[in-house]
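Here's the structure, in structure tokens; my notes come after.
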Amino acid sequence: MKRETILPAALVLALFAGLFVLERVLPASSTLFVVLKKGAIYALVAASMNLLNGFTGLFSLGQAGFMLIGAYTYAIFTIPVEMKPVVYQYYDHAIGFTLPVPVAILLAGLAAAAFAALIGLPVLRLKSDYLAIATLGFGEIIRAVFQWDKLGPVTNGSNLLRNFPSFRSVIFPFVVAGICIALIVMLINSTYGRAFKAIRDDEIAAEAMGINLAHHKRLAFVISSFFAGISGGLLAMYQTTIQASMFKSAMTYEILLIVVIGGIGSVTGSCISSFLFIACSEWWLRFLDNENLYIGGFHVPLLRPGFRKVVFAVVIMAVVLFYRQGIMGTKEFSVEGIADFFKRKFSGKK
């Protein structure tokens, strides 16, 4: 193995070894596991959105809709046959079989990609804000369609889908998200990725170089939706119950915020900001909701339920103001770069 391969492999092994140890030391209900699981899911969907918005220059806001498709596809095809009458208590269930979890996760991505290929034909003719509005509208429409009573035998209407397999280990979402993000990075570094970047920088110049704009835009849109669908399936496993009303436009805004904070055009930034975003919203700032908080016998004023959201908004504003290009900008994590940095620090060379 080459040196460039050994260092990343060692880091990956160290990560999974750490997760393995944590699962045996901390209780399953630990907030740390909530952050790790949800952070891995959001890292994947943020990376998929960055592929489209950051690397291809297509301003799309349809990620919540594609996550909904992936979540429902996974849930529908993994509910045990004996539990279907309990779940579909108001409808006669139409799907009379169950798929293995890996197959259902893959099918979730393929279903989202199929919808993306279908709506991409008319929608990708639009640009900038018009494309964003169209894809945002798609998310709202698909949410309403999945709650339609006529589709109740498949989607259970506006009722919950439950009793499908969920996470047994924090390692599973890390493995799935890690593989998918690695594929995204490989795509970005391929000839297709360079074509996406050329389209982002200048469509006229890209077309003059022989790049088929319509084909590559559809390709980026479908691939991004595929990974968003997989993240939706993972989210279903994390939530243990799924309902279409969960996938509102606010979810897309959260994902967009993660991408902006991490850096538009940086997969590493999307991953880092995902874990920071989830840690702040789900863990670190939770104490601000306690109106009876005392520190050293002194009652802390102003604290109320929901106050953490105010502080969180201020933190986000500060990050955006002082880091105009996000945490990473357009830079990516490099094992060689980190090694060279420490070499320079310890050797005294600049």
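For the structure tokens, the naming scheme is as follows: chains receive sequential letters (A, B, ...) according to their order of presentation, residues are indexed from 1 within each chain, and ligands are indexed from 1 in presentation order.
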Find the residues of range 19-59 of chain A that sit at most 9 Å from range 164-169 of chain A; for each, write down the nearest two atoms and how far apart they are in Å, to one decimal. Count only C-alpha atoms. Sort by chain, then by number going up, and give it as CSV.
```
residue,atom,partner,partner_atom,distance
A:Phe20,CA,A:Ser169,CA,8.9
A:Glu23,CA,A:Ser169,CA,7.8
A:Lys37,CA,A:Phe167,CA,8.9
```
Atoms kept (C-alpha atoms) for selection, written as a PDB file, in the first residue's frame:
```
ATOM      1  CA  PHE A  20     -16.913   0.445  18.811  1.00  0.00           C
ATOM      2  CA  GLU A  23     -20.868   1.734  22.227  1.00  0.00           C
ATOM      3  CA  LYS A  37     -26.226   9.161  14.138  1.00  0.00           C
TER       4      LYS A  37
END
```
Name the residues in contact with Lys127 in chain A at a cut-off of 10 Å, using only C-alpha atoms, excluding same-chain residues fewer than 6 positions from it; report them as a PyMOL selection string.
chain A and resi 57-60+133-134
What would the file look like if the residues just selected were written as a compact mmCIF listing (two decimals), in the first residue's frame with all heavy atoms?
```txt
# COMPACT_ATOMS: atom_id res chain seq x y z
N GLY A 57 -23.44 24.35 -9.51
CA GLY A 57 -24.00 25.68 -9.62
C GLY A 57 -25.49 25.72 -9.86
O GLY A 57 -26.02 26.72 -10.35
N LEU A 58 -26.20 24.63 -9.52
CA LEU A 58 -27.65 24.58 -9.66
C LEU A 58 -28.29 24.81 -8.30
O LEU A 58 -28.11 24.02 -7.38
CB LEU A 58 -28.09 23.23 -10.23
CG LEU A 58 -27.56 22.87 -11.62
CD1 LEU A 58 -28.01 21.47 -12.01
CD2 LEU A 58 -28.02 23.87 -12.65
N PHE A 59 -29.03 25.90 -8.17
CA PHE A 59 -29.62 26.27 -6.88
C PHE A 59 -30.93 25.51 -6.69
O PHE A 59 -31.99 25.97 -7.07
CB PHE A 59 -29.83 27.78 -6.82
CG PHE A 59 -30.23 28.27 -5.46
CD1 PHE A 59 -29.91 27.57 -4.32
CD2 PHE A 59 -30.94 29.46 -5.33
CE1 PHE A 59 -30.28 28.02 -3.07
CE2 PHE A 59 -31.32 29.94 -4.09
CZ PHE A 59 -30.99 29.21 -2.95
N SER A 60 -30.83 24.34 -6.09
CA SER A 60 -32.00 23.48 -5.88
C SER A 60 -32.36 23.43 -4.41
O SER A 60 -31.50 23.40 -3.54
CB SER A 60 -31.70 22.06 -6.38
OG SER A 60 -32.73 21.17 -6.00
N ILE A 133 -37.25 27.87 -6.66
CA ILE A 133 -38.68 27.92 -6.38
C ILE A 133 -39.37 26.67 -6.92
O ILE A 133 -40.24 26.08 -6.25
CB ILE A 133 -39.30 29.19 -6.99
CG1 ILE A 133 -38.76 30.43 -6.27
CG2 ILE A 133 -40.83 29.15 -6.89
CD1 ILE A 133 -39.12 31.73 -6.95
N ALA A 134 -38.99 26.24 -8.11
CA ALA A 134 -39.61 25.06 -8.72
C ALA A 134 -39.33 23.80 -7.90
O ALA A 134 -40.23 23.00 -7.65
CB ALA A 134 -39.11 24.89 -10.15
```
CA of Met186 in chain A to CA of Val259 in chain A: how many Å, to one decimal?
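Separating CA of Met186 in chain A from CA of Val259 in chain A is a distance of 18.9 Å.
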Using only C-alpha atoms, which residues sit within 8 Å of range 240-243 of chain A once same-chain residues fewer than 5 positions away are excluded, as a PyMOL selection string?
chain A and resi 71-72+75+158-166
Can you work out which one of A:Gly306, A:Gly297, A:Pro27, A:Gly263 has the shortest atom-to-atom distance to Met328 in chain A, counting only C-alpha atoms?
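Answer, going by the shortest atom-to-atom distance: A:Gly263.
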Would you mind telling me which residue in A:Leu110, A:Ile316, A:Leu288, A:Ile255 lies nearest to Asn50 in chain A when using only C-alpha atoms?
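Among the listed residues, the smallest separation from Asn50 in chain A belongs to A:Ile255.
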Which value, in Å to one decimal, gives the distance between CA of Val123 in chain A and CA of Ala144 in chain A?
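Calculated distance between CA of Val123 in chain A and CA of Ala144 in chain A is 19.2 Å.
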Pick the closest to Lys84 in chain A from A:Leu44, A:Val12, A:Val154, A:Ala64: which is it, counting only C-alpha atoms?
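Smallest distance to Lys84 in chain A is found for A:Val154.
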Top pick for closest residue to Leu213 in chain A, considering A:Arg308, A:Arg194, A:Ile199, A:Gly269 and counting only C-alpha atoms:
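That would be A:Ile199, the residue with the smallest distance to Leu213 in chain A.
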List the spatial neighbours of Leu131 in chain A as an NGL selection string - criterion: any atom at most 12 Å away, only C-alpha atoms, same-chain residues fewer than 6 positions off excluded.
:A and (52-53 or 57-62 or 119-120 or 122-125 or 137-138 or 221)
May I have all residues of range 136-204 of chain A that DSSP, computed from the backbone, assigns to helix (DSSP H, G or I), given as a ChimeraX atom specification?
/A:136-146,149-155,171-188,191-201,203-204
Enter the distance from CA of Ala17 in chain A to CA of Leu32 in chain A, in Å, rounded to one decimal.
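Computed distance, CA of Ala17 in chain A to CA of Leu32 in chain A, equals 15.9 Å.
Compared by their closest atoms to Ala111 in chain A, and using only C-alpha atoms, the residues A:Thr191, A:Gly233, A:Leu219, A:Leu99 rank with A:Gly233 nearest.
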Contacts of Ile171 in chain A within 8 Å, only C-alpha atoms, excl. fewer than 4 positions in-chain, as an NGL selection string:
:A and (16 or 19-20 or 175)
Can you list, as a list in words, every protein, DNA or RNA residue that comes within 9 Å of Gln63 in chain A when you count only C-alpha atoms, leaving out same-chain residues fewer than 2 positions away?
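Near Gln63 in chain A, the qualifying residues are Val45, Ser48, Met49, Ser60, Leu61, Gly65, Phe66, Met67, Leu68, Thr135, Leu136, Gly139, Ser224, Ser225, Ala228, Gly229, Ser249, Met251, Thr252 and Ile255 of chain A.
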Go ahead and dump the residues you just picked, N, CA and C atoms, as a PDB file, in the first residue's frame.
```
ATOM      1  N   VAL A  45     -26.650  14.059   3.340  1.00  0.00           N
ATOM      2  CA  VAL A  45     -27.583  14.865   2.549  1.00  0.00           C
ATOM      3  C   VAL A  45     -26.983  16.235   2.248  1.00  0.00           C
ATOM      4  N   SER A  48     -24.640  15.728  -0.629  1.00  0.00           N
ATOM      5  CA  SER A  48     -25.400  15.563  -1.878  1.00  0.00           C
ATOM      6  C   SER A  48     -25.914  16.907  -2.384  1.00  0.00           C
ATOM      7  N   MET A  49     -26.335  17.771  -1.455  1.00  0.00           N
ATOM      8  CA  MET A  49     -26.802  19.099  -1.857  1.00  0.00           C
ATOM      9  C   MET A  49     -25.636  19.952  -2.360  1.00  0.00           C
ATOM     10  N   SER A  60     -30.830  24.340  -6.092  1.00  0.00           N
ATOM     11  CA  SER A  60     -31.999  23.480  -5.879  1.00  0.00           C
ATOM     12  C   SER A  60     -32.364  23.433  -4.406  1.00  0.00           C
ATOM     13  N   LEU A  61     -33.673  23.428  -4.127  1.00  0.00           N
ATOM     14  CA  LEU A  61     -34.174  23.347  -2.751  1.00  0.00           C
ATOM     15  C   LEU A  61     -35.159  22.188  -2.601  1.00  0.00           C
ATOM     16  N   GLY A  65     -37.889  16.877  -0.232  1.00  0.00           N
ATOM     17  CA  GLY A  65     -38.795  16.037  -1.019  1.00  0.00           C
ATOM     18  C   GLY A  65     -38.168  14.716  -1.395  1.00  0.00           C
ATOM     19  N   PHE A  66     -36.900  14.733  -1.794  1.00  0.00           N
ATOM     20  CA  PHE A  66     -36.222  13.490  -2.162  1.00  0.00           C
ATOM     21  C   PHE A  66     -35.938  12.630  -0.923  1.00  0.00           C
ATOM     22  N   MET A  67     -35.679  13.273   0.206  1.00  0.00           N
ATOM     23  CA  MET A  67     -35.525  12.514   1.454  1.00  0.00           C
ATOM     24  C   MET A  67     -36.843  11.843   1.841  1.00  0.00           C
ATOM     25  N   LEU A  68     -37.947  12.543   1.617  1.00  0.00           N
ATOM     26  CA  LEU A  68     -39.270  11.965   1.902  1.00  0.00           C
ATOM     27  C   LEU A  68     -39.491  10.708   1.058  1.00  0.00           C
ATOM     28  N   THR A 135     -38.071  23.613  -7.477  1.00  0.00           N
ATOM     29  CA  THR A 135     -37.732  22.417  -6.699  1.00  0.00           C
ATOM     30  C   THR A 135     -38.332  22.482  -5.300  1.00  0.00           C
ATOM     31  N   LEU A 136     -38.429  23.681  -4.740  1.00  0.00           N
ATOM     32  CA  LEU A 136     -39.084  23.823  -3.434  1.00  0.00           C
ATOM     33  C   LEU A 136     -40.561  23.472  -3.548  1.00  0.00           C
ATOM     34  N   GLY A 139     -41.052  19.747  -3.560  1.00  0.00           N
ATOM     35  CA  GLY A 139     -41.033  19.163  -2.223  1.00  0.00           C
ATOM     36  C   GLY A 139     -42.374  19.281  -1.521  1.00  0.00           C
ATOM     37  N   SER A 224     -27.395  13.581  -7.125  1.00  0.00           N
ATOM     38  CA  SER A 224     -27.639  14.265  -5.858  1.00  0.00           C
ATOM     39  C   SER A 224     -28.912  13.743  -5.193  1.00  0.00           C
ATOM     40  N   SER A 225     -29.956  13.544  -5.974  1.00  0.00           N
ATOM     41  CA  SER A 225     -31.230  13.039  -5.438  1.00  0.00           C
ATOM     42  C   SER A 225     -31.095  11.597  -4.971  1.00  0.00           C
ATOM     43  N   ALA A 228     -29.618  11.772  -1.615  1.00  0.00           N
ATOM     44  CA  ALA A 228     -30.611  12.347  -0.707  1.00  0.00           C
ATOM     45  C   ALA A 228     -31.650  11.298  -0.326  1.00  0.00           C
ATOM     46  N   GLY A 229     -32.029  10.440  -1.284  1.00  0.00           N
ATOM     47  CA  GLY A 229     -32.967   9.358  -0.991  1.00  0.00           C
ATOM     48  C   GLY A 229     -32.397   8.365   0.000  1.00  0.00           C
ATOM     49  N   SER A 249     -40.417  22.375   4.247  1.00  0.00           N
ATOM     50  CA  SER A 249     -39.367  23.172   3.619  1.00  0.00           C
ATOM     51  C   SER A 249     -38.304  23.604   4.621  1.00  0.00           C
ATOM     52  N   MET A 251     -36.794  21.791   6.662  1.00  0.00           N
ATOM     53  CA  MET A 251     -35.721  20.795   6.636  1.00  0.00           C
ATOM     54  C   MET A 251     -34.719  21.122   5.528  1.00  0.00           C
ATOM     55  N   THR A 252     -35.213  21.537   4.370  1.00  0.00           N
ATOM     56  CA  THR A 252     -34.323  21.927   3.275  1.00  0.00           C
ATOM     57  C   THR A 252     -33.494  23.138   3.672  1.00  0.00           C
ATOM     58  N   ILE A 255     -30.618  22.094   5.822  1.00  0.00           N
ATOM     59  CA  ILE A 255     -29.546  21.467   5.028  1.00  0.00           C
ATOM     60  C   ILE A 255     -28.757  22.530   4.271  1.00  0.00           C
TER      61      ILE A 255
END
```
Need the shell around Leu285 in chain A: protein/DNA/RNA residues with any atom at most 9 Å away, counting only C-alpha atoms. Skip same-chain ones fewer than 2 positions apart. Format as JSON, numbers by chain?
{"A": [279, 280, 281, 282, 283, 287, 288, 289, 308, 309, 311, 312]}
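Each of A:Ala236, A:Leu26, A:Leu13, A:Val320 was compared to Val260 in chain A using only C-alpha atoms, and A:Val320 turns out to be the nearest.
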